[in-house]
Amino acid sequence: MSDKKKSNRSFKDSRVYVVFFALTVALVFSVLITSAATMLKPLHQQNRILDKKTNLLEAANLLPENEKMTPEKIQAIYDTHIREVHADPRGQILRSATGDSLQLYLIHTDQQVQGYIVPISTRGLWGKIHGYLAFEADGETVAGFSVYSHSETPGLGGEIESQWFQDNFKGKKILNAHNQLVSVSIAKGRTENLPESLQDHYVDGISGATLTGRYLSEGLEETLMQYEPVSIIFRQKKGTQTQLETLLDE
Amino acid sequence: MGDLLSLFINSVFIGNILLAYFLGICSFIAVSKTIETATGLGLAVIFVLTVTSPVNWLIYHGLLAPGALAWAGFPELDLSFLKFITFIAVIAAMVQAVEMVIDRYSPLLYATLGVFLPLIAVNCAILGTSLFIVERNHTFIESVVFGAGSGTGWMLAIVSLAAIRKKVRYADVPKGLDGFGFIMIIAGLMAMTFMMFSGITL
Amino acid sequence: MQNDLSHYKEILVKGIWRENPVAYQVLGICSALAVTVKMSTALVMSIALTLVAGFSGLIISSLRHLIPSNIRIIVELTVIASLVIITDQILQAYLYDISKQLSIFVGLIITNCIILGRAEAFALANNPADSFVDGIANGLGYSMILVAVAFLRELLGSGQFFGFSVIPQFVYDMGFQDMGIMVLAPGAFFVIGLLVWLKNSLPGISHEKK
């Protein structure tokens with residue numbers, strides 16, 4: 001970075017002036033960027049929360065298509081349909097967190113529980129993949145999947161945020177014919193090539209992103225095993241409508 | 001161990017910092033005229049990346065990350081917005097320091113790498129790697145491996161380009177495509193070749 | 001101060017077309033290509049870069065009589081980095097989705113050779129107004145290439161324009177398929193190589209030397 005140009009001809013190049021100038025520049029610009037960062041920080045946090053809510057609604061298929069969404073609309077849909085709850089290790093739904101409880105979200109319409117959403121946080125090829133997996137109230141059918149943060153390669157693993165990939169999760173089952181948990185996995189290639197019995201548990205893979213698919217499959221399985229007690233509770237209620245408040249009070 | 005190896009291989013081939021993320025193209029084109037200079041610059045990049053990545057990791061997680069200053073009594077403080085300016089300063093300082101150390105202790109190495117070091121301070125592959133490490137939440141060890149892997153990938157790419165340019169020196173390229181455009185097409189073909197490694201699983 | 005309009009026009013034309021940064025000066029395509037998969041990201045990146053180029057020219061030129069020559073580059077980097085941080089903060093606050101997709105590439109504006117290059121070559125020797133125009137012009141020239149690449153990549157790679165499907169169904173029925181390669185990195189290299197070829201064949205530019 002040093003530059004031995006010309007000479008130390010004037011006051012401008014004297015040591016005192018250089019130090020003074022450097023300090024002034026440092027001070028002025030640090031004040032500038034710090035005030036910008038401080039002023040905009042509330043907006044950043046708001047955006048981050050809104051982004052998560054949007055993704056929750058997307059996983060639950062509650063976002064109307066072809067409609068411009070404003071933050072207010074998203075907030076309104078979120079408030080009427082989503083309830084953040086916790087579950088203890090036995091699968092009981094709790095209103096607030098305890099030491100070893102898991103976080104999840106209930107989907108409800110007019111106080112009727114329609115399903116639930118579990119947060120996904122797993123490693124990918126490069127960094128963490130964060131997203132949501134939504135289930136219908138029967139505790140075995142996947143309602144939707146969404147990703148709100150990842151650092152996979154654009155065009156390859158990055159396709160996990162694309163619509164076609166996420167849409168493939170809809171209607172998949174996490175239980176096999178013997179009612180055992182098999183999770184839902186990302187196939188290597190198209191699911192058409194798989195045996196009939198497996199097609200319900202696999203989604204189409206992304207070409208060129210074998211590793212992303214593998215890590216995501218592992219992460220989904222791990223998460224689903226953790227949340228299995230909750231899913232069991234839902235499966236036991238199969239067919240009967242559940243009131244939100246009763247579920248919370250049980 | 002397997003994970004680290006896989007991270008290394010990935011950063012050399014599939015996620016090649018140059019051919020998949022376009023970082024460091026300036027010097028990729030300017031310094032690929034002969035294999036010797038390309039090798040020298042490549043070695044310097046590996047060296048600087050392996051040193052700056054962990055240093056920037058330490059600085060980010062020790063000072064800038066949200067809550068990193070809890071030990072000093074500021075658990076709420078989030079200085080992560082300063083990462084750009086801090087990283088670039090650290091890189092410039094590290095390059096200067098490395099240059100001085102090499103000059104002092106290894107004149108031979110200095111003769112090979114010395115001229116390239118100042119070039120590297122503004123090479124976006126270096127800043128990009130540090131930013132990727134924050135973005136992807138790598139651990140300290142991963143940051144070393146990722147830094148070394150990215151550097152190796154970058155060197156592999158520039159040395160290959162230099163070799164190819166030597167081969168096609170007398171090729172009859174259409175006027176207008178000659179020069180920069182032609183190098184871009186070569187780089188595109190190289191990028192395709194590197195991407196083929198995405199099929200391998202370790 | 002020259003208030004002559006044609007004088008500014010001259011600077012603009014030079015920056016945007018005659019000495020266009022990407023093809024002619026072979027500078028600054030570094031971070032450019034990674035954000036050209038989609039028009040929306042390329043456009044936002046272009047605006048951010050143009051503004052940073054303009055204002056860094058303005059600020060550095062205003063300080064040109066005050067900056068001690070031996071810390072010149074570090075001062076220039078400080079100015080540029082600060083502007084980039086502010087830009088990044090603003091993007092995160094008002095265009096969160098796009099800033100998420102741009103990820104680290106906003107930060108890489110700092111090492112973009114165009115900006116430091118213009119600061120060194122132009123801002124230090126000219127008055128603030130001229131330097132501002134010069135920065136904007138060079139930014140716009142760069143933006144032109146970036147947006148052109150993004151246009152082709154989005155159109156050929158995903159059949160879309162700003163996220164809207166624009167290729168009619170009958171074209172697909174005739175057997176056309178989106179070109180996957182365009183979405184991937186090699187596509188960017190090919191497109192830019194061919195664009196440079198096109199541009200070199202157009203009049204008004206001195207042919208680039210090897």
# chains A, B, ... in the order shown; residues from 1 in each chain; ligands from 1
>>> closest_atom_pairs(of="chain C", to="chain A", cutoff="8 Å", atoms="only C-alpha atoms", output="Markdown table")
| residue | atom | partner | partner_atom | distance |
| --- | --- | --- | --- | --- |
| C:Leu66 | CA | A:Lys12 | CA | 7.0 |
| C:Ile67 | CA | A:Phe21 | CA | 7.4 |
| C:Pro68 | CA | A:Asp13 | CA | 5.4 |
| C:Ser69 | CA | A:Asp13 | CA | 7.0 |
| C:Asn70 | CA | A:Asp3 | CA | 5.2 |
| C:Ile71 | CA | A:Ser2 | CA | 7.1 |
| C:Ile73 | CA | A:Met1 | CA | 6.7 |
| C:Ile74 | CA | A:Met1 | CA | 7.1 |
| C:Val75 | CA | A:Val25 | CA | 7.6 |
| C:Thr78 | CA | A:Phe29 | CA | 7.9 |
| C:Val79 | CA | A:Phe29 | CA | 7.5 |
| C:Ser82 | CA | A:Ile33 | CA | 6.4 |
| C:Ile85 | CA | A:Ile33 | CA | 6.9 |
| C:Ile86 | CA | A:Ile33 | CA | 6.1 |
| C:Gln89 | CA | A:Ala37 | CA | 6.3 |
| C:Ile90 | CA | A:Leu40 | CA | 7.2 |
| C:Gln92 | CA | A:His44 | CA | 6.0 |
| C:Ala93 | CA | A:His44 | CA | 5.0 |
| C:Tyr94 | CA | A:Leu43 | CA | 7.9 |
| C:Tyr96 | CA | A:Asn47 | CA | 6.5 |
| C:Val183 | CA | A:Gly155 | CA | 5.7 |
| C:Leu184 | CA | A:Gly155 | CA | 5.4 |
>>> write_last_selection(atoms="N, CA, C and O atoms", output="mmCIF file, in the first residue's frame")
data_model
loop_
_atom_site.group_PDB
_atom_site.id
_atom_site.type_symbol
_atom_site.label_atom_id
_atom_site.label_comp_id
_atom_site.auth_asym_id
_atom_site.auth_seq_id
_atom_site.Cartn_x
_atom_site.Cartn_y
_atom_site.Cartn_z
ATOM 1 N N LEU C 66 -6.395 17.427 -0.206
ATOM 2 C CA LEU C 66 -6.124 17.212 1.220
ATOM 3 C C LEU C 66 -5.449 15.876 1.510
ATOM 4 O O LEU C 66 -4.791 15.710 2.524
ATOM 5 N N ILE C 67 -5.662 14.905 0.617
ATOM 6 C CA ILE C 67 -5.158 13.547 0.899
ATOM 7 C C ILE C 67 -3.639 13.499 0.790
ATOM 8 O O ILE C 67 -3.087 13.818 -0.254
ATOM 9 N N PRO C 68 -2.944 13.102 1.844
ATOM 10 C CA PRO C 68 -1.487 12.934 1.757
ATOM 11 C C PRO C 68 -1.196 11.784 0.794
ATOM 12 O O PRO C 68 -1.868 10.755 0.847
ATOM 13 N N SER C 69 -0.202 11.935 -0.056
ATOM 14 C CA SER C 69 -0.045 10.960 -1.127
ATOM 15 C C SER C 69 0.341 9.581 -0.617
ATOM 16 O O SER C 69 -0.001 8.576 -1.240
ATOM 17 N N ASN C 70 1.033 9.502 0.532
ATOM 18 C CA ASN C 70 1.466 8.164 0.946
ATOM 19 C C ASN C 70 0.375 7.319 1.578
ATOM 20 O O ASN C 70 0.538 6.124 1.735
ATOM 21 N N ILE C 71 -0.755 7.918 1.964
ATOM 22 C CA ILE C 71 -1.857 7.062 2.427
ATOM 23 C C ILE C 71 -3.044 7.158 1.467
ATOM 24 O O ILE C 71 -4.188 6.860 1.825
ATOM 25 N N ILE C 73 -4.091 5.423 -1.223
ATOM 26 C CA ILE C 73 -4.908 4.266 -1.591
ATOM 27 C C ILE C 73 -5.761 3.801 -0.425
ATOM 28 O O ILE C 73 -6.932 3.450 -0.587
ATOM 29 N N ILE C 74 -5.202 3.852 0.758
ATOM 30 C CA ILE C 74 -5.982 3.390 1.907
ATOM 31 C C ILE C 74 -7.168 4.327 2.153
ATOM 32 O O ILE C 74 -8.264 3.890 2.500
ATOM 33 N N VAL C 75 -6.973 5.638 1.920
ATOM 34 C CA VAL C 75 -8.088 6.577 2.070
ATOM 35 C C VAL C 75 -9.149 6.292 1.020
ATOM 36 O O VAL C 75 -10.351 6.236 1.318
ATOM 37 N N THR C 78 -11.056 3.328 2.042
ATOM 38 C CA THR C 78 -11.959 3.625 3.148
ATOM 39 C C THR C 78 -13.244 4.269 2.634
ATOM 40 O O THR C 78 -14.345 3.888 3.034
ATOM 41 N N VAL C 79 -13.082 5.242 1.746
ATOM 42 C CA VAL C 79 -14.257 5.913 1.196
ATOM 43 C C VAL C 79 -15.147 4.906 0.482
ATOM 44 O O VAL C 79 -16.355 4.820 0.721
ATOM 45 N N SER C 82 -16.785 2.354 2.862
ATOM 46 C CA SER C 82 -17.872 2.943 3.650
ATOM 47 C C SER C 82 -19.128 3.084 2.798
ATOM 48 O O SER C 82 -20.236 2.773 3.246
ATOM 49 N N ILE C 85 -20.710 -0.273 2.436
ATOM 50 C CA ILE C 85 -21.409 -0.706 3.652
ATOM 51 C C ILE C 85 -22.769 -0.029 3.726
ATOM 52 O O ILE C 85 -23.794 -0.672 3.985
ATOM 53 N N ILE C 86 -22.791 1.286 3.461
ATOM 54 C CA ILE C 86 -24.061 2.008 3.524
ATOM 55 C C ILE C 86 -25.035 1.443 2.487
ATOM 56 O O ILE C 86 -26.205 1.186 2.782
ATOM 57 N N GLN C 89 -26.385 -1.832 3.721
ATOM 58 C CA GLN C 89 -27.369 -1.637 4.786
ATOM 59 C C GLN C 89 -28.709 -1.196 4.203
ATOM 60 O O GLN C 89 -29.764 -1.654 4.629
ATOM 61 N N ILE C 90 -28.656 -0.285 3.224
ATOM 62 C CA ILE C 90 -29.899 0.200 2.629
ATOM 63 C C ILE C 90 -30.605 -0.932 1.885
ATOM 64 O O ILE C 90 -31.820 -1.105 1.999
ATOM 65 N N GLN C 92 -30.410 -4.111 2.493
ATOM 66 C CA GLN C 92 -30.982 -5.048 3.473
ATOM 67 C C GLN C 92 -32.256 -4.501 4.087
ATOM 68 O O GLN C 92 -33.136 -5.249 4.481
ATOM 69 N N ALA C 93 -32.340 -3.167 4.166
ATOM 70 C CA ALA C 93 -33.508 -2.579 4.806
ATOM 71 C C ALA C 93 -34.682 -2.471 3.847
ATOM 72 O O ALA C 93 -35.826 -2.670 4.242
ATOM 73 N N TYR C 94 -34.416 -2.135 2.581
ATOM 74 C CA TYR C 94 -35.530 -1.858 1.682
ATOM 75 C C TYR C 94 -35.733 -2.884 0.578
ATOM 76 O O TYR C 94 -36.792 -2.952 -0.021
ATOM 77 N N TYR C 96 -34.934 -6.495 0.831
ATOM 78 C CA TYR C 96 -34.366 -7.630 1.556
ATOM 79 C C TYR C 96 -34.195 -8.860 0.679
ATOM 80 O O TYR C 96 -33.153 -9.503 0.697
ATOM 81 N N VAL C 183 -28.046 -20.956 -16.956
ATOM 82 C CA VAL C 183 -28.222 -20.651 -15.544
ATOM 83 C C VAL C 183 -26.917 -20.899 -14.782
ATOM 84 O O VAL C 183 -26.638 -20.280 -13.770
ATOM 85 N N LEU C 184 -26.120 -21.810 -15.313
ATOM 86 C CA LEU C 184 -24.880 -22.168 -14.630
ATOM 87 C C LEU C 184 -23.741 -21.241 -15.034
ATOM 88 O O LEU C 184 -23.850 -20.472 -15.994
#
>>> closest_atom_pairs(of="chain B", to="chain A", cutoff="9 Å", atoms="only C-alpha atoms", output="Markdown table")
| residue | atom | partner | partner_atom | distance |
| --- | --- | --- | --- | --- |
| B:Leu7 | CA | A:Trp126 | CA | 7.8 |
| B:Asn10 | CA | A:Leu125 | CA | 8.4 |
| B:Ile14 | CA | A:Thr153 | CA | 8.7 |
| B:Gly15 | CA | A:Thr153 | CA | 7.0 |
| B:Ala20 | CA | A:Thr153 | CA | 8.2 |
| B:Tyr21 | CA | A:Thr153 | CA | 8.8 |
| B:Leu79 | CA | A:Thr34 | CA | 8.9 |
| B:Phe81 | CA | A:Ala37 | CA | 7.0 |
| B:Leu82 | CA | A:Ile33 | CA | 8.4 |
| B:Ala92 | CA | A:Met1 | CA | 7.4 |
| B:Ala93 | CA | A:Met1 | CA | 8.6 |
| B:Gln96 | CA | A:Met1 | CA | 7.6 |
| B:Pro118 | CA | A:Met1 | CA | 7.4 |
| B:Ala121 | CA | A:Met1 | CA | 8.8 |
| B:Phe132 | CA | A:Ser151 | CA | 8.9 |
| B:Ile133 | CA | A:Gly127 | CA | 8.9 |
| B:Glu135 | CA | A:Ser151 | CA | 7.6 |
| B:Arg136 | CA | A:Gly127 | CA | 4.3 |
| B:Asn137 | CA | A:Gly127 | CA | 6.2 |
| B:His138 | CA | A:Gly127 | CA | 7.1 |
| B:Met195 | CA | A:Gly208 | CA | 8.2 |
| B:Met196 | CA | A:Gly208 | CA | 8.2 |
| B:Phe197 | CA | A:Gly208 | CA | 8.8 |
| B:Ser198 | CA | A:Gly208 | CA | 5.5 |
| B:Gly199 | CA | A:Gly208 | CA | 5.9 |
| B:Ile200 | CA | A:Thr210 | CA | 8.2 |
| B:Thr201 | CA | A:Leu211 | CA | 6.8 |
| B:Leu202 | CA | A:Leu211 | CA | 9.0 |
>>> write_last_selection(atoms="N, CA and C atoms", output="compact mmCIF listing (two decimals), in the first residue's frame")
# COMPACT_ATOMS: atom_id res chain seq x y z
N LEU B 7 -15.11 -31.00 1.81
CA LEU B 7 -15.16 -29.54 1.66
C LEU B 7 -14.01 -29.06 0.77
N ASN B 10 -14.66 -30.08 -2.84
CA ASN B 10 -15.74 -29.25 -3.37
C ASN B 10 -15.25 -27.86 -3.72
N ILE B 14 -16.08 -28.30 -7.75
CA ILE B 14 -17.47 -27.90 -8.04
C ILE B 14 -17.70 -26.44 -7.74
N GLY B 15 -17.23 -26.01 -6.58
CA GLY B 15 -17.47 -24.62 -6.19
C GLY B 15 -16.23 -23.80 -6.45
N ALA B 20 -16.80 -20.98 -10.82
CA ALA B 20 -18.21 -21.07 -10.45
C ALA B 20 -18.70 -19.76 -9.82
N TYR B 21 -17.80 -19.01 -9.19
CA TYR B 21 -18.23 -17.77 -8.53
C TYR B 21 -17.59 -16.52 -9.13
N LEU B 79 -21.53 -5.76 15.50
CA LEU B 79 -20.69 -4.95 14.62
C LEU B 79 -20.50 -5.61 13.26
N PHE B 81 -21.78 -5.28 10.57
CA PHE B 81 -21.80 -4.42 9.39
C PHE B 81 -20.40 -3.88 9.04
N LEU B 82 -19.47 -4.00 10.00
CA LEU B 82 -18.11 -3.52 9.73
C LEU B 82 -17.25 -4.55 9.00
N ALA B 92 -5.14 -6.32 3.39
CA ALA B 92 -4.05 -5.45 2.96
C ALA B 92 -2.88 -5.54 3.93
N ALA B 93 -3.19 -5.51 5.23
CA ALA B 93 -2.13 -5.56 6.24
C ALA B 93 -1.40 -6.89 6.21
N GLN B 96 0.91 -7.16 3.26
CA GLN B 96 2.12 -6.36 3.51
C GLN B 96 3.06 -7.09 4.47
N PRO B 118 1.47 -7.51 -3.91
CA PRO B 118 0.65 -6.30 -3.91
C PRO B 118 -0.61 -6.45 -4.77
N ALA B 121 -3.79 -7.95 -2.89
CA ALA B 121 -4.59 -7.24 -1.89
C ALA B 121 -5.94 -6.83 -2.45
N PHE B 132 -17.47 -15.44 2.22
CA PHE B 132 -18.16 -16.72 2.13
C PHE B 132 -18.09 -17.48 3.46
N ILE B 133 -16.94 -17.37 4.12
CA ILE B 133 -16.76 -18.10 5.36
C ILE B 133 -17.76 -17.61 6.41
N GLU B 135 -20.66 -16.00 5.65
CA GLU B 135 -21.99 -16.28 5.12
C GLU B 135 -22.38 -17.74 5.34
N ARG B 136 -21.40 -18.64 5.19
CA ARG B 136 -21.71 -20.06 5.28
C ARG B 136 -21.48 -20.60 6.67
N ASN B 137 -21.11 -19.71 7.60
CA ASN B 137 -20.99 -20.14 8.98
C ASN B 137 -20.00 -21.27 9.20
N HIS B 138 -18.86 -21.20 8.55
CA HIS B 138 -17.86 -22.25 8.72
C HIS B 138 -17.24 -22.18 10.12
N MET B 195 -17.28 -28.43 -13.65
CA MET B 195 -18.60 -28.77 -13.09
C MET B 195 -18.89 -30.25 -13.16
N MET B 196 -18.21 -30.93 -14.06
CA MET B 196 -18.49 -32.36 -14.18
C MET B 196 -18.17 -33.11 -12.90
N PHE B 197 -17.33 -32.50 -12.06
CA PHE B 197 -17.00 -33.16 -10.80
C PHE B 197 -18.18 -33.17 -9.84
N SER B 198 -19.24 -32.44 -10.16
CA SER B 198 -20.35 -32.38 -9.22
C SER B 198 -21.07 -33.72 -9.12
N GLY B 199 -20.78 -34.64 -10.03
CA GLY B 199 -21.39 -35.95 -9.94
C GLY B 199 -20.77 -36.84 -8.89
N ILE B 200 -19.53 -36.51 -8.46
CA ILE B 200 -18.86 -37.43 -7.55
C ILE B 200 -19.35 -37.22 -6.13
N THR B 201 -19.48 -38.30 -5.39
CA THR B 201 -19.80 -38.19 -3.98
C THR B 201 -18.69 -38.88 -3.21
N LEU B 202 -18.32 -38.25 -2.12
CA LEU B 202 -17.22 -38.82 -1.35
C LEU B 202 -17.74 -39.58 -0.14
>>> closest_atom_pairs(of="chain B", to="chain C", cutoff="10 Å", atoms="only C-alpha atoms", output="Markdown table")
| residue | atom | partner | partner_atom | distance |
| --- | --- | --- | --- | --- |
| B:Leu18 | CA | C:Cys30 | CA | 9.0 |
| B:Leu19 | CA | C:Ala185 | CA | 6.8 |
| B:Ala20 | CA | C:Ala185 | CA | 5.3 |
| B:Tyr21 | CA | C:Ala34 | CA | 5.8 |
| B:Phe22 | CA | C:Cys30 | CA | 5.8 |
| B:Leu23 | CA | C:Cys30 | CA | 5.4 |
| B:Gly24 | CA | C:Cys30 | CA | 5.8 |
| B:Ile25 | CA | C:Cys30 | CA | 5.1 |
| B:Cys26 | CA | C:Leu27 | CA | 6.2 |
| B:Ser27 | CA | C:Cys30 | CA | 9.5 |
| B:Phe28 | CA | C:Cys30 | CA | 9.7 |
| B:Ile29 | CA | C:Val26 | CA | 8.4 |
| B:Ala30 | CA | C:Val26 | CA | 8.7 |
| B:Phe81 | CA | C:Ile85 | CA | 6.8 |
| B:Leu82 | CA | C:Ile85 | CA | 7.5 |
| B:Lys83 | CA | C:Ile85 | CA | 8.8 |
| B:Phe84 | CA | C:Gly107 | CA | 6.2 |
| B:Ile85 | CA | C:Ala81 | CA | 5.6 |
| B:Thr86 | CA | C:Ala81 | CA | 9.4 |
| B:Ile88 | CA | C:Ile110 | CA | 8.4 |
| B:Ala89 | CA | C:Ile74 | CA | 8.5 |
| B:Ala92 | CA | C:Ile74 | CA | 9.1 |
| B:Ala121 | CA | C:Thr111 | CA | 8.8 |
| B:Val122 | CA | C:Thr111 | CA | 5.5 |
| B:Asn123 | CA | C:Thr111 | CA | 6.6 |
| B:Cys124 | CA | C:Thr111 | CA | 5.4 |
| B:Ala125 | CA | C:Cys30 | CA | 8.7 |
| B:Ile126 | CA | C:Thr111 | CA | 9.6 |
| B:Leu127 | CA | C:Leu108 | CA | 7.1 |
| B:Gly128 | CA | C:Leu108 | CA | 6.6 |
| B:Thr129 | CA | C:Ile104 | CA | 9.4 |
| B:Ser130 | CA | C:Ile104 | CA | 9.7 |
| B:Leu131 | CA | C:Ile104 | CA | 6.2 |
| B:Phe132 | CA | C:Ile104 | CA | 6.8 |
| B:Val134 | CA | C:Ile104 | CA | 9.5 |
| B:Glu135 | CA | C:Ile104 | CA | 7.5 |
| B:Pro174 | CA | C:Trp197 | CA | 9.0 |
| B:Lys175 | CA | C:Trp197 | CA | 8.3 |
| B:Gly176 | CA | C:Trp197 | CA | 5.0 |
| B:Leu177 | CA | C:Trp197 | CA | 4.6 |
| B:Asp178 | CA | C:Lys210 | CA | 7.7 |
| B:Gly179 | CA | C:Lys210 | CA | 5.2 |
| B:Phe180 | CA | C:Gly193 | CA | 7.2 |
| B:Gly181 | CA | C:Gly193 | CA | 4.0 |
| B:Phe182 | CA | C:Gly193 | CA | 6.3 |
| B:Ile183 | CA | C:Gly193 | CA | 7.5 |
| B:Met184 | CA | C:Gly193 | CA | 4.9 |
| B:Ile185 | CA | C:Phe190 | CA | 5.1 |
| B:Ile186 | CA | C:Phe189 | CA | 8.3 |
| B:Ala187 | CA | C:Phe189 | CA | 6.4 |
| B:Gly188 | CA | C:Pro186 | CA | 4.3 |
| B:Leu189 | CA | C:Pro186 | CA | 6.7 |
| B:Met190 | CA | C:Pro186 | CA | 7.9 |
| B:Ala191 | CA | C:Pro186 | CA | 5.3 |
| B:Met192 | CA | C:Pro186 | CA | 5.8 |
| B:Thr193 | CA | C:Pro186 | CA | 9.3 |
| B:Phe194 | CA | C:Pro186 | CA | 9.8 |
| B:Met195 | CA | C:Pro186 | CA | 8.9 |
>>> select_by_dssp(residues="chain C", states="strand (DSSP E)", output="PyMOL selection string")
chain C and resi 160-161+164-165
>>> write_last_selection(atoms="N, CA, C and O atoms", output="PDB file, in the first residue's frame")
ATOM      1  N   GLN C 160     -37.534 -16.475 -19.009  1.00  0.00           N
ATOM      2  CA  GLN C 160     -38.235 -15.435 -18.272  1.00  0.00           C
ATOM      3  C   GLN C 160     -37.597 -14.067 -18.476  1.00  0.00           C
ATOM      4  O   GLN C 160     -36.457 -13.950 -18.918  1.00  0.00           O
ATOM      5  N   PHE C 161     -38.353 -13.030 -18.109  1.00  0.00           N
ATOM      6  CA  PHE C 161     -37.868 -11.661 -18.119  1.00  0.00           C
ATOM      7  C   PHE C 161     -38.375 -11.026 -16.837  1.00  0.00           C
ATOM      8  O   PHE C 161     -39.576 -10.941 -16.621  1.00  0.00           O
ATOM      9  N   PHE C 164     -41.044 -13.083 -15.166  1.00  0.00           N
ATOM     10  CA  PHE C 164     -42.272 -13.434 -15.868  1.00  0.00           C
ATOM     11  C   PHE C 164     -41.927 -14.278 -17.075  1.00  0.00           C
ATOM     12  O   PHE C 164     -41.007 -13.950 -17.825  1.00  0.00           O
ATOM     13  N   SER C 165     -42.668 -15.368 -17.270  1.00  0.00           N
ATOM     14  CA  SER C 165     -42.402 -16.213 -18.427  1.00  0.00           C
ATOM     15  C   SER C 165     -42.776 -15.446 -19.689  1.00  0.00           C
ATOM     16  O   SER C 165     -43.882 -14.907 -19.791  1.00  0.00           O
TER      17      SER C 165
END
>>> closest_residue(among="C:Glu120, C:Gln169, C:Ser158, C:Ser61", to="C:Phe132", atoms="only C-alpha atoms")
C:Ser61
